[in-house]
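Step one of this worksheet: look at the structure below.
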Amino acid sequence: MTRALQFLFFVLVRIVVLFVLGLNVRRRELLPEDGPAILVANHNSHLDTLVMMSLLPLSKLSSLRPVAAADYFLKTRAMAWFSLNILRIIPIDRSRATRREDPLAACHEALNKREILILFPEGSRGAPEEMTALKKGIAHLAEKNPQVPVIPVFTHGLGKSLPKGSFLLVPFFCDIFVGAPIAWPGSRDAFMTTLGVRFAELS
């Protein structure tokens, strides 16, 4: 039943993406056909996760796992049910006081199951069309999974269609730029530098 609800929900999402946003995806062929893989994108809107999940075929829904903040997505019973069962998020505890020894343990497990993670390395949504500093959690994840491709994706326009603090969807033509996979370069600093450069190139 839950799987059917997820499928129907994302059919509706794709209709909105196609007819309201007019999404234009550049270099779609660089998206992964199968997992394990990590998609990393800039974060400006509540639409980001839904649009990222709509980039891959509906047949891949069961393997897509957005990584999201537990304190936000699990704060009410209804939101928690939707987040865990429809979006199928991997909740991350952002509180240093209560987090587990390895907050990324569930992400490693998902990659071992050949799933595709969706990550926003800025951590939280920024101002429309403005990137903030990248957090190093993605480097820790890549270091422990060096064989897994990390694919940068830059979105343009989603922050104007549904900016932070707004609940009214505004039709706005949006572009998605997919970058070439980043291989683990051997150090976290080198990885973060490469990721930052790649986002700058895509933007």
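Identifiers in the structure tokens: chain A, B, ... in order shown; residue index from 1 per chain; ligand index from 1 in order shown.
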_Every residue of region 5-130 of chain A that DSSP places in alpha helix (DSSP H), as a ChimeraX atom specification_ = /A:5-16,47-54,70-73,77-85,105-112
*Restricting the calculation to only C-alpha atoms, which member of A:Gly137, A:Arg94, A:Thr155, A:Arg88 is positioned closest to Leu47 (chain A)?*
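With only C-alpha atoms as the atom set, the closest residue is A:Thr155.
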Give me, as a PDB file with all heavy atoms, in the first residue's frame, all polymer residues having an atom no more than 7 Å from region 184-186 of chain A, counting only C-alpha atoms and skipping those fewer than 3 positions away in the same chain.
ATOM      1  N   ALA A 142      32.301   9.987   1.388  1.00  0.00           N
ATOM      2  CA  ALA A 142      33.055   9.570   0.210  1.00  0.00           C
ATOM      3  C   ALA A 142      34.326   8.818   0.588  1.00  0.00           C
ATOM      4  O   ALA A 142      34.717   7.856  -0.079  1.00  0.00           O
ATOM      5  CB  ALA A 142      33.401  10.792  -0.644  1.00  0.00           C
ATOM      6  N   GLU A 143      34.960   9.243   1.679  1.00  0.00           N
ATOM      7  CA  GLU A 143      36.204   8.592   2.107  1.00  0.00           C
ATOM      8  C   GLU A 143      35.967   7.128   2.480  1.00  0.00           C
ATOM      9  O   GLU A 143      36.783   6.259   2.169  1.00  0.00           O
ATOM     10  CB  GLU A 143      36.787   9.346   3.298  1.00  0.00           C
ATOM     11  CG  GLU A 143      38.103   8.763   3.800  1.00  0.00           C
ATOM     12  CD  GLU A 143      38.658   9.525   4.979  1.00  0.00           C
ATOM     13  OE1 GLU A 143      37.856  10.073   5.775  1.00  0.00           O
ATOM     14  OE2 GLU A 143      39.887   9.576   5.117  1.00  0.00           O
ATOM     15  N   PRO A 146      35.028   4.910  -1.172  1.00  0.00           N
ATOM     16  CA  PRO A 146      35.786   5.510  -2.275  1.00  0.00           C
ATOM     17  C   PRO A 146      35.427   4.966  -3.646  1.00  0.00           C
ATOM     18  O   PRO A 146      35.709   5.611  -4.660  1.00  0.00           O
ATOM     19  CB  PRO A 146      37.242   5.179  -1.919  1.00  0.00           C
ATOM     20  CG  PRO A 146      37.146   3.950  -1.059  1.00  0.00           C
ATOM     21  CD  PRO A 146      35.880   4.117  -0.273  1.00  0.00           C
ATOM     22  N   ALA A 190      41.077  17.624  -0.576  1.00  0.00           N
ATOM     23  CA  ALA A 190      41.090  17.597  -2.041  1.00  0.00           C
ATOM     24  C   ALA A 190      39.689  17.329  -2.581  1.00  0.00           C
ATOM     25  O   ALA A 190      39.280  17.916  -3.590  1.00  0.00           O
ATOM     26  CB  ALA A 190      42.059  16.530  -2.536  1.00  0.00           C
ATOM     27  N   PHE A 191      38.952  16.465  -1.902  1.00  0.00           N
ATOM     28  CA  PHE A 191      37.585  16.172  -2.337  1.00  0.00           C
ATOM     29  C   PHE A 191      36.718  17.416  -2.247  1.00  0.00           C
ATOM     30  O   PHE A 191      35.975  17.747  -3.189  1.00  0.00           O
ATOM     31  CB  PHE A 191      36.988  15.056  -1.489  1.00  0.00           C
ATOM     32  CG  PHE A 191      35.556  14.757  -1.839  1.00  0.00           C
ATOM     33  CD1 PHE A 191      35.252  13.859  -2.851  1.00  0.00           C
ATOM     34  CD2 PHE A 191      34.517  15.380  -1.162  1.00  0.00           C
ATOM     35  CE1 PHE A 191      33.918  13.602  -3.194  1.00  0.00           C
ATOM     36  CE2 PHE A 191      33.199  15.122  -1.496  1.00  0.00           C
ATOM     37  CZ  PHE A 191      32.900  14.235  -2.507  1.00  0.00           C
TER      38      PHE A 191
END
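Shell of Leu56 (chain A) at 9 Å, with only C-alpha atoms counted and residues fewer than 5 places along the chain excluded, is Leu31, Pro32, Glu33, Leu61 and Leu64 of chain A.
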*Spatial neighbours of region 11-23 of chain A, max dist 10 Å, only C-alpha atoms, sep filter under 6 positions, as a PyMOL selection string*: chain A and resi 5+47+50-51+53-55+58+155-158+161+169-176
Hey, can you spit out that residue selection with N, CA, C and O atoms as a compact mmCIF listing (two decimals), in the first residue's frame?
# COMPACT_ATOMS: atom_id res chain seq x y z
N LEU A 5 1.27 4.29 -2.82
CA LEU A 5 1.10 5.71 -2.51
C LEU A 5 2.32 6.51 -2.95
O LEU A 5 2.20 7.61 -3.48
N LEU A 47 11.42 22.20 -2.88
CA LEU A 47 11.26 21.43 -4.11
C LEU A 47 12.49 20.59 -4.44
O LEU A 47 12.40 19.64 -5.23
N LEU A 50 12.23 16.73 -4.06
CA LEU A 50 11.24 16.16 -4.98
C LEU A 50 11.75 16.17 -6.41
O LEU A 50 11.57 15.20 -7.16
N VAL A 51 12.36 17.27 -6.81
CA VAL A 51 12.88 17.38 -8.18
C VAL A 51 14.03 16.41 -8.38
O VAL A 51 14.11 15.73 -9.42
N MET A 53 14.51 13.58 -6.94
CA MET A 53 13.96 12.23 -7.02
C MET A 53 13.24 11.99 -8.34
O MET A 53 13.12 10.86 -8.80
N SER A 54 12.76 13.07 -8.96
CA SER A 54 12.04 12.93 -10.23
C SER A 54 12.97 12.84 -11.43
O SER A 54 12.52 12.55 -12.54
N LEU A 55 14.27 13.05 -11.22
CA LEU A 55 15.22 13.00 -12.34
C LEU A 55 15.47 11.58 -12.83
O LEU A 55 15.84 11.36 -13.97
N LEU A 58 10.82 6.22 -12.56
CA LEU A 58 9.97 5.78 -11.46
C LEU A 58 10.35 4.39 -10.97
O LEU A 58 10.15 4.07 -9.79
N THR A 155 21.11 23.06 -9.43
CA THR A 155 19.76 23.45 -9.82
C THR A 155 19.66 24.97 -9.87
O THR A 155 20.19 25.67 -9.00
N HIS A 156 18.97 25.47 -10.88
CA HIS A 156 18.77 26.91 -11.02
C HIS A 156 17.29 27.19 -11.20
O HIS A 156 16.64 26.61 -12.08
N GLY A 157 16.74 28.05 -10.35
CA GLY A 157 15.35 28.47 -10.49
C GLY A 157 14.41 27.92 -9.45
O GLY A 157 13.34 28.49 -9.21
N LEU A 158 14.78 26.81 -8.79
CA LEU A 158 13.87 26.21 -7.81
C LEU A 158 13.69 27.13 -6.60
O LEU A 158 12.62 27.18 -6.00
N SER A 161 10.98 29.44 -7.54
CA SER A 161 9.66 28.80 -7.65
C SER A 161 9.03 28.56 -6.28
O SER A 161 7.82 28.71 -6.12
N LEU A 169 3.64 27.97 -4.76
CA LEU A 169 4.47 27.60 -5.90
C LEU A 169 4.28 28.61 -7.02
O LEU A 169 3.17 28.88 -7.46
N VAL A 170 5.40 29.18 -7.48
CA VAL A 170 5.38 30.17 -8.56
C VAL A 170 5.97 29.52 -9.81
O VAL A 170 7.10 29.03 -9.78
N PRO A 171 5.22 29.49 -10.92
CA PRO A 171 5.77 28.92 -12.16
C PRO A 171 7.03 29.67 -12.57
O PRO A 171 7.03 30.89 -12.71
N PHE A 172 8.12 28.95 -12.73
CA PHE A 172 9.39 29.57 -13.10
C PHE A 172 10.22 28.53 -13.81
O PHE A 172 10.37 27.41 -13.33
N PHE A 173 10.73 28.87 -14.97
CA PHE A 173 11.51 27.91 -15.75
C PHE A 173 12.78 27.55 -14.99
O PHE A 173 13.53 28.43 -14.56
N CYS A 174 13.02 26.27 -14.80
CA CYS A 174 14.14 25.79 -14.00
C CYS A 174 15.08 24.92 -14.81
O CYS A 174 14.64 24.13 -15.65
N ASP A 175 16.36 25.06 -14.52
CA ASP A 175 17.39 24.27 -15.20
C ASP A 175 18.11 23.38 -14.20
O ASP A 175 18.35 23.76 -13.06
N ILE A 176 18.46 22.19 -14.67
CA ILE A 176 19.25 21.25 -13.88
C ILE A 176 20.50 20.93 -14.67
O ILE A 176 20.44 20.51 -15.83
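With only C-alpha atoms taken into account, the protein and nucleic acid residues at most 9 Å from Asp34 (chain A) (excluding it and anything under 5 positions from it in its own chain) are Lys60, Ser63, Arg114, Glu115 and Ile116 of chain A.
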For the selection just defined, write its residues with N, CA and C atoms to a file, as a PDB file, in the first residue's frame.
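Writing done, so here's selection_4.pdb:
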ATOM      1  N   LYS A  60      13.124   3.407 -10.250  1.00  0.00           N
ATOM      2  CA  LYS A  60      14.241   3.517  -9.311  1.00  0.00           C
ATOM      3  C   LYS A  60      13.819   4.073  -7.959  1.00  0.00           C
ATOM      4  N   SER A  63      15.043   2.623  -4.680  1.00  0.00           N
ATOM      5  CA  SER A  63      16.470   2.690  -4.349  1.00  0.00           C
ATOM      6  C   SER A  63      16.945   4.112  -4.049  1.00  0.00           C
ATOM      7  N   ARG A 114      23.396  -0.937  -2.342  1.00  0.00           N
ATOM      8  CA  ARG A 114      23.384  -0.443  -3.727  1.00  0.00           C
ATOM      9  C   ARG A 114      22.259   0.561  -3.961  1.00  0.00           C
ATOM     10  N   GLU A 115      21.994   1.380  -2.956  1.00  0.00           N
ATOM     11  CA  GLU A 115      20.994   2.434  -3.113  1.00  0.00           C
ATOM     12  C   GLU A 115      21.657   3.729  -3.568  1.00  0.00           C
ATOM     13  N   ILE A 116      20.837   4.702  -3.954  1.00  0.00           N
ATOM     14  CA  ILE A 116      21.324   5.987  -4.452  1.00  0.00           C
ATOM     15  C   ILE A 116      20.963   7.062  -3.438  1.00  0.00           C
TER      16      ILE A 116
END
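Summary of the local environment: counting only C-alpha atoms, residues at most 9 Å from Thr49 (chain A), other than itself and those fewer than 4 positions away along its chain, are His43, Ser45, Met53, Ser54, Pro66, Leu87, Ile118, Leu119 and Phe120 of chain A.
Of the residues listed (A:Leu8, A:Ala78, A:Cys107, A:Ala41), A:Ala41 shows the shortest atom-to-atom separation from Met131 (chain A); distances use only C-alpha atoms.
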*Please report, as a PyMOL selection string, each residue of region 40-192 of chain A to which DSSP assigns strand (DSSP E or B) when run on this structure's backbone.*
chain A and resi 40-41+45+64-69+90-92+116-119+150-156+163+175-178+182
Write the residues of the preceding selection, restricted to N, CA and C atoms, as a short mmCIF file (atom, residue, chain, number, x, y, z; two decimals), in the first residue's frame.
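In the end it all went to result.cif:
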data_model
loop_
_atom_site.label_atom_id
_atom_site.label_comp_id
_atom_site.auth_asym_id
_atom_site.auth_seq_id
_atom_site.Cartn_x
_atom_site.Cartn_y
_atom_site.Cartn_z
N VAL A 40 24.76 14.84 -5.22
CA VAL A 40 24.88 16.00 -4.33
C VAL A 40 24.42 17.24 -5.09
N ALA A 41 23.62 18.07 -4.42
CA ALA A 41 23.05 19.24 -5.10
C ALA A 41 23.03 20.44 -4.17
N SER A 45 15.36 25.22 -1.86
CA SER A 45 13.90 25.13 -1.85
C SER A 45 13.42 23.78 -1.32
N LEU A 64 16.05 5.11 -4.11
CA LEU A 64 16.42 6.49 -3.85
C LEU A 64 16.26 6.82 -2.37
N ARG A 65 17.31 7.39 -1.75
CA ARG A 65 17.28 7.68 -0.32
C ARG A 65 17.81 9.09 -0.06
N PRO A 66 16.92 10.08 0.02
CA PRO A 66 17.37 11.42 0.41
C PRO A 66 17.88 11.42 1.85
N VAL A 67 18.96 12.14 2.08
CA VAL A 67 19.51 12.29 3.43
C VAL A 67 19.01 13.63 3.97
N ALA A 68 18.33 13.60 5.14
CA ALA A 68 17.66 14.80 5.62
C ALA A 68 17.78 14.92 7.14
N ALA A 69 17.58 16.14 7.62
CA ALA A 69 17.71 16.44 9.05
C ALA A 69 16.55 15.86 9.84
N ILE A 90 16.75 9.15 4.85
CA ILE A 90 17.65 8.67 5.90
C ILE A 90 17.81 9.84 6.85
N PRO A 91 17.20 9.78 8.04
CA PRO A 91 17.28 10.93 8.96
C PRO A 91 18.66 11.02 9.61
N ILE A 92 19.19 12.23 9.66
CA ILE A 92 20.49 12.49 10.27
C ILE A 92 20.30 13.38 11.49
N ILE A 116 20.84 4.70 -3.95
CA ILE A 116 21.32 5.99 -4.45
C ILE A 116 20.96 7.06 -3.44
N LEU A 117 21.97 7.68 -2.85
CA LEU A 117 21.74 8.73 -1.87
C LEU A 117 21.58 10.08 -2.56
N ILE A 118 20.73 10.93 -1.97
CA ILE A 118 20.58 12.31 -2.42
C ILE A 118 20.96 13.19 -1.24
N LEU A 119 21.98 14.02 -1.43
CA LEU A 119 22.56 14.79 -0.34
C LEU A 119 22.66 16.26 -0.73
N VAL A 150 30.40 10.10 -6.87
CA VAL A 150 29.69 11.26 -6.32
C VAL A 150 29.37 12.19 -7.48
N ILE A 151 28.09 12.39 -7.76
CA ILE A 151 27.67 13.13 -8.95
C ILE A 151 27.08 14.47 -8.55
N PRO A 152 27.76 15.58 -8.89
CA PRO A 152 27.24 16.91 -8.54
C PRO A 152 26.11 17.33 -9.47
N VAL A 153 25.09 17.95 -8.90
CA VAL A 153 23.95 18.45 -9.66
C VAL A 153 23.66 19.87 -9.21
N PHE A 154 23.64 20.81 -10.14
CA PHE A 154 23.34 22.20 -9.81
C PHE A 154 21.95 22.56 -10.33
N THR A 155 21.11 23.06 -9.43
CA THR A 155 19.76 23.45 -9.82
C THR A 155 19.66 24.97 -9.87
N HIS A 156 18.97 25.47 -10.88
CA HIS A 156 18.77 26.91 -11.02
C HIS A 156 17.29 27.19 -11.20
N PRO A 163 10.71 29.57 -2.69
CA PRO A 163 11.82 29.96 -1.82
C PRO A 163 11.56 29.57 -0.36
N ASP A 175 16.36 25.06 -14.52
CA ASP A 175 17.39 24.27 -15.20
C ASP A 175 18.11 23.38 -14.20
N ILE A 176 18.46 22.19 -14.67
CA ILE A 176 19.25 21.25 -13.88
C ILE A 176 20.50 20.93 -14.67
N PHE A 177 21.67 21.13 -14.04
CA PHE A 177 22.95 20.85 -14.70
C PHE A 177 23.63 19.69 -13.98
N VAL A 178 23.83 18.59 -14.69
CA VAL A 178 24.44 17.40 -14.10
C VAL A 178 25.92 17.37 -14.46
N ILE A 182 32.61 12.47 -9.51
CA ILE A 182 33.87 12.78 -8.86
C ILE A 182 34.41 11.51 -8.21
#
*For Leu39 (chain A), the nearest of the candidates A:Pro149, A:Pro57, A:Glu122, A:Arg77, counting only C-alpha atoms*: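 Once distances to Leu39 (chain A) are computed over only C-alpha atoms, the minimum belongs to A:Pro149.
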